[in-house]
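Colleague: Contents are JSON, C-alpha atoms and all ligand atoms; file name target-v1.json:
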```json
[["chain", "number", "residue", "atom", "x", "y", "z"],
["A", 1, "MET", "CA", -13.54, 23.14, -8.05],
["A", 2, "ASN", "CA", -12.82, 26.54, -6.67],
["A", 3, "ASN", "CA", -11.13, 25.83, -3.39],
["A", 4, "THR", "CA", -8.34, 28.36, -3.07],
["A", 5, "ASP", "CA", -7.61, 27.52, 0.58],
["A", 6, "ASN", "CA", -5.38, 24.65, -0.38],
["A", 7, "TYR", "CA", -3.74, 26.49, -3.21],
["A", 8, "LYS", "CA", -0.03, 26.86, -2.81],
["A", 9, "GLU", "CA", 2.29, 28.93, -4.93],
["A", 10, "PRO", "CA", 4.39, 26.39, -6.81],
["A", 11, "SER", "CA", 7.78, 26.31, -5.14],
["A", 12, "ARG", "CA", 10.81, 27.19, -7.18],
["A", 13, "ARG", "CA", 12.21, 24.12, -8.82],
["A", 14, "GLY", "CA", 15.92, 23.62, -8.76],
["A", 15, "GLY", "CA", 17.66, 21.38, -11.21],
["A", 16, "ILE", "CA", 20.84, 20.72, -13.15],
["A", 17, "GLU", "CA", 21.10, 21.01, -16.93],
["A", 18, "VAL", "CA", 24.33, 19.91, -18.55],
["A", 19, "ILE", "CA", 25.25, 21.00, -22.07],
["A", 20, "CYS", "CA", 28.24, 19.05, -23.38],
["A", 21, "GLY", "CA", 29.99, 18.19, -26.59],
["A", 22, "SER", "CA", 33.20, 18.60, -28.55],
["A", 23, "MET", "CA", 34.89, 21.84, -29.44],
["A", 24, "PHE", "CA", 33.00, 23.94, -32.02],
["A", 25, "SER", "CA", 29.75, 22.12, -31.24],
["A", 26, "GLY", "CA", 27.89, 25.20, -30.00],
["A", 27, "LYS", "CA", 27.95, 24.51, -26.25],
["A", 28, "THR", "CA", 28.49, 28.11, -25.23],
["A", 29, "GLU", "CA", 25.93, 29.34, -27.79],
["A", 30, "GLU", "CA", 23.37, 27.00, -26.21],
["A", 31, "LEU", "CA", 24.35, 28.21, -22.73],
["A", 32, "ILE", "CA", 23.97, 31.83, -23.82],
["A", 33, "ARG", "CA", 20.60, 31.06, -25.45],
["A", 34, "ARG", "CA", 19.30, 29.68, -22.14],
["A", 35, "ILE", "CA", 20.72, 32.63, -20.19],
["A", 36, "ARG", "CA", 19.07, 35.09, -22.56],
["A", 37, "ARG", "CA", 15.68, 33.41, -22.14],
["A", 38, "ALA", "CA", 16.05, 33.32, -18.35],
["A", 39, "LYS", "CA", 16.79, 37.05, -18.39],
["A", 40, "ILE", "CA", 13.69, 37.69, -20.51],
["A", 41, "ALA", "CA", 11.76, 35.81, -17.80],
["A", 42, "LYS", "CA", 13.16, 38.33, -15.29],
["A", 43, "GLN", "CA", 15.29, 35.74, -13.55],
["A", 44, "ASN", "CA", 18.43, 36.77, -11.70],
["A", 45, "VAL", "CA", 21.26, 35.11, -13.54],
["A", 46, "GLU", "CA", 24.92, 34.82, -12.59],
["A", 47, "ILE", "CA", 27.54, 33.26, -14.84],
["A", 48, "PHE", "CA", 30.79, 31.70, -13.64],
["A", 49, "LYS", "CA", 33.81, 30.40, -15.45],
["A", 50, "PRO", "CA", 37.17, 29.04, -14.32],
["A", 51, "THR", "CA", 40.04, 31.53, -14.20],
["A", 52, "ILE", "CA", 41.96, 29.22, -16.52],
["A", 53, "ASP", "CA", 39.80, 30.23, -19.48],
["A", 54, "VAL", "CA", 41.28, 33.56, -20.48],
["A", 55, "ARG", "CA", 41.17, 33.15, -24.22],
["A", 56, "TYR", "CA", 39.37, 36.33, -25.12],
["A", 57, "SER", "CA", 38.51, 38.29, -22.03],
["A", 58, "ASP", "CA", 38.83, 38.14, -18.27],
["A", 59, "LYS", "CA", 35.19, 38.78, -17.56],
["A", 60, "ASP", "CA", 33.09, 37.49, -20.42],
["A", 61, "VAL", "CA", 31.71, 34.17, -21.52],
["A", 62, "VAL", "CA", 32.49, 34.38, -25.19],
["A", 63, "SER", "CA", 31.68, 31.68, -27.67],
["A", 64, "HIS", "CA", 33.67, 31.15, -30.84],
["A", 65, "ASN", "CA", 31.18, 33.34, -32.66],
["A", 66, "ARG", "CA", 31.83, 36.11, -30.13],
["A", 67, "HIS", "CA", 28.52, 36.45, -28.32],
["A", 68, "ALA", "CA", 29.50, 37.85, -24.96],
["A", 69, "HIS", "CA", 27.92, 37.84, -21.52],
["A", 70, "SER", "CA", 29.65, 39.04, -18.43],
["A", 71, "ALA", "CA", 31.00, 36.13, -16.34],
["A", 72, "VAL", "CA", 32.70, 35.98, -12.99],
["A", 73, "PRO", "CA", 36.04, 34.15, -13.12],
["A", 74, "VAL", "CA", 36.51, 31.88, -10.09],
["A", 75, "GLU", "CA", 39.49, 29.88, -8.84],
["A", 76, "ASN", "CA", 37.54, 26.88, -7.59],
["A", 77, "SER", "CA", 34.09, 25.35, -7.36],
["A", 78, "TYR", "CA", 33.53, 26.34, -3.73],
["A", 79, "SER", "CA", 33.65, 30.03, -4.68],
["A", 80, "ILE", "CA", 30.58, 29.43, -6.86],
["A", 81, "LEU", "CA", 28.64, 28.20, -3.82],
["A", 82, "LEU", "CA", 29.63, 31.26, -1.82],
["A", 83, "MET", "CA", 28.75, 33.69, -4.60],
["A", 84, "SER", "CA", 25.45, 32.16, -5.74],
["A", 85, "GLN", "CA", 23.11, 33.33, -3.00],
["A", 86, "GLY", "CA", 20.12, 35.31, -4.19],
["A", 87, "PHE", "CA", 20.22, 34.13, -7.80],
["A", 88, "ASP", "CA", 17.52, 32.15, -9.61],
["A", 89, "VAL", "CA", 19.82, 30.78, -12.27],
["A", 90, "ILE", "CA", 23.51, 29.90, -12.08],
["A", 91, "ALA", "CA", 25.37, 29.24, -15.32],
["A", 92, "ILE", "CA", 28.80, 27.63, -15.37],
["A", 93, "ASP", "CA", 30.89, 27.62, -18.54],
["A", 94, "GLU", "CA", 33.97, 25.49, -19.30],
["A", 95, "ALA", "CA", 33.01, 23.22, -16.41],
["A", 96, "GLN", "CA", 35.56, 20.59, -17.44],
["A", 97, "PHE", "CA", 38.30, 22.77, -15.93],
["A", 98, "PHE", "CA", 36.77, 22.81, -12.45],
["A", 99, "ASP", "CA", 37.75, 20.57, -9.55],
["A", 100, "ASP", "CA", 35.64, 17.55, -8.57],
["A", 101, "GLY", "CA", 33.90, 19.63, -5.89],
["A", 102, "ILE", "CA", 31.79, 21.16, -8.66],
["A", 103, "VAL", "CA", 29.51, 18.10, -8.52],
["A", 104, "ASP", "CA", 28.62, 18.70, -4.87],
["A", 105, "VAL", "CA", 28.28, 22.44, -5.48],
["A", 106, "CYS", "CA", 25.78, 21.93, -8.33],
["A", 107, "ASN", "CA", 23.75, 19.51, -6.21],
["A", 108, "LYS", "CA", 23.66, 21.92, -3.29],
["A", 109, "LEU", "CA", 22.54, 24.81, -5.49],
["A", 110, "ALA", "CA", 19.84, 22.72, -7.18],
["A", 111, "ASN", "CA", 18.62, 21.50, -3.79],
["A", 112, "GLN", "CA", 18.24, 25.13, -2.76],
["A", 113, "GLY", "CA", 15.87, 25.61, -5.69],
["A", 114, "ILE", "CA", 18.37, 27.18, -8.06],
["A", 115, "ARG", "CA", 18.38, 26.32, -11.75],
["A", 116, "VAL", "CA", 21.95, 25.31, -12.60],
["A", 117, "ILE", "CA", 23.07, 25.30, -16.24],
["A", 118, "VAL", "CA", 26.48, 23.79, -16.89],
["A", 119, "ALA", "CA", 28.39, 23.71, -20.17],
["A", 120, "GLY", "CA", 31.63, 21.86, -20.83],
["A", 121, "LEU", "CA", 33.71, 19.60, -22.99],
["A", 122, "ASP", "CA", 32.67, 15.98, -22.46],
["A", 123, "MET", "CA", 35.97, 14.55, -23.78],
["A", 124, "ASP", "CA", 39.56, 15.75, -23.93],
["A", 125, "TYR", "CA", 41.65, 15.57, -27.12],
["A", 126, "LEU", "CA", 42.46, 11.92, -26.41],
["A", 127, "GLY", "CA", 38.78, 11.01, -26.31],
["A", 128, "HIS", "CA", 38.78, 10.51, -22.52],
["A", 129, "PRO", "CA", 36.02, 11.88, -20.26],
["A", 130, "PHE", "CA", 37.14, 15.34, -19.21],
["A", 131, "GLY", "CA", 37.58, 16.28, -15.52],
["A", 132, "PRO", "CA", 34.34, 16.36, -13.51],
["A", 133, "MET", "CA", 32.11, 16.18, -16.62],
["A", 134, "PRO", "CA", 31.20, 12.46, -16.37],
["A", 135, "ASN", "CA", 30.05, 12.95, -12.78],
["A", 136, "LEU", "CA", 28.13, 16.09, -13.70],
["A", 137, "LEU", "CA", 26.37, 14.14, -16.44],
["A", 138, "ALA", "CA", 25.43, 11.49, -13.88],
["A", 139, "ILE", "CA", 23.73, 13.92, -11.52],
["A", 140, "ALA", "CA", 22.10, 16.07, -14.23],
["A", 141, "ASP", "CA", 18.33, 16.29, -14.54],
["A", 142, "GLU", "CA", 18.77, 17.06, -18.22],
["A", 143, "VAL", "CA", 21.65, 16.36, -20.59],
["A", 144, "TYR", "CA", 21.96, 18.12, -23.92],
["A", 145, "LYS", "CA", 24.71, 16.89, -26.17],
["A", 146, "THR", "CA", 25.79, 19.31, -28.86],
["A", 147, "ARG", "CA", 27.61, 18.04, -31.92],
["A", 148, "ALA", "CA", 29.92, 19.75, -34.35],
["A", 149, "ILE", "CA", 30.40, 18.94, -38.04],
["A", 150, "CYS", "CA", 33.34, 16.74, -39.01],
["A", 151, "VAL", "CA", 35.67, 18.93, -41.06],
["A", 152, "HIS", "CA", 36.90, 15.87, -42.99],
["A", 153, "CYS", "CA", 33.66, 14.20, -44.09],
["A", 154, "GLY", "CA", 30.72, 16.36, -43.04],
["A", 155, "ASN", "CA", 29.15, 13.86, -40.62],
["A", 156, "LEU", "CA", 28.24, 14.85, -37.09],
["A", 157, "ALA", "CA", 31.37, 15.17, -34.94],
["A", 158, "ASN", "CA", 31.89, 14.23, -31.28],
["A", 159, "TYR", "CA", 35.68, 14.44, -31.08],
["A", 160, "SER", "CA", 38.09, 17.34, -30.66],
["A", 161, "PHE", "CA", 41.19, 16.35, -32.59],
["A", 162, "ARG", "CA", 44.32, 18.25, -31.66],
["A", 163, "THR", "CA", 46.31, 19.25, -34.69],
["A", 164, "ALA", "CA", 48.96, 21.01, -32.58],
["A", 165, "ASN", "CA", 51.77, 18.94, -31.11],
["A", 166, "SER", "CA", 51.27, 19.08, -27.37],
["A", 167, "ASN", "CA", 50.55, 16.53, -24.69],
["A", 168, "GLN", "CA", 48.97, 18.91, -22.19],
["A", 169, "GLN", "CA", 45.36, 18.07, -21.38],
["A", 170, "VAL", "CA", 44.62, 21.76, -21.10],
["A", 171, "LEU", "CA", 45.43, 23.60, -24.28],
["A", 172, "LEU", "CA", 42.91, 26.28, -24.96],
["A", 173, "GLY", "CA", 42.39, 26.69, -28.56],
["A", 174, "GLU", "CA", 40.86, 27.83, -31.72],
["A", 175, "MET", "CA", 40.54, 26.37, -35.16],
["A", 176, "GLN", "CA", 44.29, 26.26, -35.72],
["A", 177, "GLU", "CA", 44.88, 23.87, -32.79],
["A", 178, "TYR", "CA", 41.79, 21.66, -32.91],
["A", 179, "GLU", "CA", 39.36, 20.32, -35.40],
["A", 180, "PRO", "CA", 36.05, 18.57, -34.83],
["A", 181, "LEU", "CA", 35.97, 15.04, -36.24],
["A", 182, "CYS", "CA", 33.49, 12.17, -36.36],
["A", 183, "ARG", "CA", 34.39, 8.84, -34.76],
["A", 184, "ASN", "CA", 35.74, 7.31, -37.98],
["A", 185, "CYS", "CA", 37.87, 10.28, -39.03],
["A", 186, "TYR", "CA", 39.12, 10.74, -35.46],
["A", 187, "GLN", "CA", 40.30, 7.13, -35.34],
["A", 188, "GLU", "CA", 42.02, 7.47, -38.71],
["A", 189, "MET", "CA", 43.81, 10.65, -37.64],
["A", 190, "MET", "CA", 44.86, 9.24, -34.26],
["A", 191, "THR", "CA", 46.31, 6.18, -35.99],
["A", 192, "LYS", "CA", 48.23, 8.41, -38.41],
["A", 193, "LYS", "CA", 49.50, 10.54, -35.54],
["A", 194, "GLN", "CA", 50.77, 7.48, -33.67],
["A", 195, "GLN", "CA", 52.63, 6.29, -36.79],
["A", 196, "ASN", "CA", 54.47, 9.60, -37.10],
["B", 201, "ZN", "ZN", 34.35, 12.38, -40.45]]
```
Would you give me this structure, written as structure tokens?
Modeller:
Amino acid sequence: MNNTDNYKEPSRRGGIEVICGSMFSGKTEELIRRIRRAKIAKQNVEIFKPTIDVRYSDKDVVSHNRHAHSAVPVENSYSILLMSQGFDVIAIDEAQFFDDGIVDVCNKLANQGIRVIVAGLDMDYLGHPFGPMPNLLAIADEVYKTRAICVHCGNLANYSFRTANSNQQVLLGEMQEYEPLCRNCYQEMMTKKQQN
């Protein structure tokens, strides 16, 4: 068949990809990998992150192994909507720190045909779903769960155990404050912590 009259250029397909996991599980590396490939495909990419994440740099998305891409720090989710026009791909790092409006924002962007890639911690240090992440997972077209390695036993780890003594939900950290643990080791350590 050679009928080109009915041929239509495939419309841009919007969608939401969520990359989630514990600390040190490679979430940001996976986000950066996808951004790099989108850039190779000549897509216009913009990266956002919450202003709260100022661990290494004001402007960059930096993973623990220090791969950097320039990111725009924003105060709230609505700013992302306002600043996303004209882009093919929107990446959002540390999404767990955003307000609940991020869910609606991601849906709106995807409905406009934008590819939305979101990375964030699925659970806080107490093992509870973190901020808007559970709702983002619910509306995602694709979910990619990254897992770290348990530093106690070498199994795959889903939990971010806080070694530092603090009860804040938000404590940005590095290896000295958190360690990735598997379910068994996490439970053991939490029980020990409660006994102290
Ligand atoms: Zn373990």
Colleague: For ligand ZN 201 (chain B), which residue out of A:Arg183, A:His69, A:Lys39, A:Lys27 is the nearest one, using only C-alpha atoms and all ligand atoms?
Modeller: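 That would be A:Arg183, the residue with the smallest distance to ligand ZN 201 (chain B).
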Colleague: With a cut-off of 8 Å, could you pull out the residues of chain A touching ligand ZN 201 (chain B) and give me the nearest pair of atoms for each, distance in Å to one decimal, using all atoms listed in the file, ordered by chain and ascending number, as a Markdown table?
Modeller:
```
| residue | atom | partner | partner_atom | distance |
| --- | --- | --- | --- | --- |
| A:Cys150 | CA | B:ZN201 | ZN | 4.7 |
| A:Val151 | CA | B:ZN201 | ZN | 6.7 |
| A:His152 | CA | B:ZN201 | ZN | 5.0 |
| A:Cys153 | CA | B:ZN201 | ZN | 4.1 |
| A:Gly154 | CA | B:ZN201 | ZN | 6.0 |
| A:Asn155 | CA | B:ZN201 | ZN | 5.4 |
| A:Leu156 | CA | B:ZN201 | ZN | 7.4 |
| A:Ala157 | CA | B:ZN201 | ZN | 6.9 |
| A:Leu181 | CA | B:ZN201 | ZN | 5.2 |
| A:Cys182 | CA | B:ZN201 | ZN | 4.2 |
| A:Arg183 | CA | B:ZN201 | ZN | 6.7 |
| A:Asn184 | CA | B:ZN201 | ZN | 5.8 |
| A:Cys185 | CA | B:ZN201 | ZN | 4.3 |
| A:Tyr186 | CA | B:ZN201 | ZN | 7.1 |
```
Colleague: Which one is closest to Thr191 (chain A): A:Glu75, A:Gln96, A:Leu31, A:Leu126? Count all atoms listed in the file.
Modeller: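 Of A:Glu75, A:Gln96, A:Leu31, A:Leu126, the one nearest Thr191 (chain A), counting all atoms listed in the file, is A:Leu126.
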Colleague: So how many Å separate CA of Tyr159 (chain A) and CA of Phe98 (chain A), to one decimal?
Modeller: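 A separation of 20.5 Å between them.
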Colleague: If you count all atoms listed in the file, which residues fall within 9 Å of Phe130 (chain A), apart from same-chain ones fewer than 2 positions away, as a ChimeraX atom specification?
Modeller: /A:96-97,120-124,127-128,132-134,169
Colleague: So what do you get for CA of Lys49 (chain A) versus CA of Thr28 (chain A), distance-wise?
Modeller: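 Between CA of Lys49 (chain A) and CA of Thr28 (chain A) the gap is 11.4 Å.
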Colleague: CA of Glu46 (chain A) and CA of Ser70 (chain A), how far apart in Å?
Modeller: 8.6 Å
Colleague: Could you check the closest approach to Ala110 (chain A) for each of A:Ile19, A:Val143, A:Val89, A:Ala138 and tell me which residue wins, using only C-alpha atoms?
Modeller: A:Val89
Colleague: Using 5 Å of padding on each side, determine the axis-aligned box around all atoms of region 157-163 of chain A present in the file and give its centre and edge lengths in Å to one decimal, as lines of an AutoDock Vina configuration file.
Modeller:
```
center_x = 38.8
center_y = 16.7
center_z = -32.8
size_x = 24.9
size_y = 15.0
size_z = 14.3
```
Colleague: Pick from A:Glu17, A:Glu188, A:Asp93, A:Asp88: nearest to Glu29 (chain A), with only C-alpha atoms counted?
Modeller: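 Smallest separation from Glu29 (chain A) among the options: A:Asp93.
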Colleague: Excluding Arg115 (chain A) and residues on its chain fewer than 2 positions from it, collect all residues at most 10 Å away from it, counting all atoms listed in the file, and give them as a compact mmCIF listing (two decimals) with C-alpha atoms, keeping the file's coordinate frame.
Modeller:
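Once written, part-v3.txt looks like this:
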```txt
# COMPACT_ATOMS: atom_id res chain seq x y z
CA ARG A 12 10.81 27.19 -7.18
CA ARG A 13 12.21 24.12 -8.82
CA GLY A 14 15.92 23.62 -8.76
CA GLY A 15 17.66 21.38 -11.21
CA ILE A 16 20.84 20.72 -13.15
CA GLU A 17 21.10 21.01 -16.93
CA ALA A 38 16.05 33.32 -18.35
CA VAL A 45 21.26 35.11 -13.54
CA PHE A 87 20.22 34.13 -7.80
CA ASP A 88 17.52 32.15 -9.61
CA VAL A 89 19.82 30.78 -12.27
CA ILE A 90 23.51 29.90 -12.08
CA ALA A 91 25.37 29.24 -15.32
CA CYS A 106 25.78 21.93 -8.33
CA LEU A 109 22.54 24.81 -5.49
CA ALA A 110 19.84 22.72 -7.18
CA ASN A 111 18.62 21.50 -3.79
CA GLN A 112 18.24 25.13 -2.76
CA GLY A 113 15.87 25.61 -5.69
CA ILE A 117 23.07 25.30 -16.24
CA VAL A 118 26.48 23.79 -16.89
```
Colleague: Calculated over all atoms listed in the file, which of the candidates A:Leu136, A:Met190, A:Leu82, A:Ala41 has the smallest distance to Val116 (chain A)?
Modeller: A:Leu136
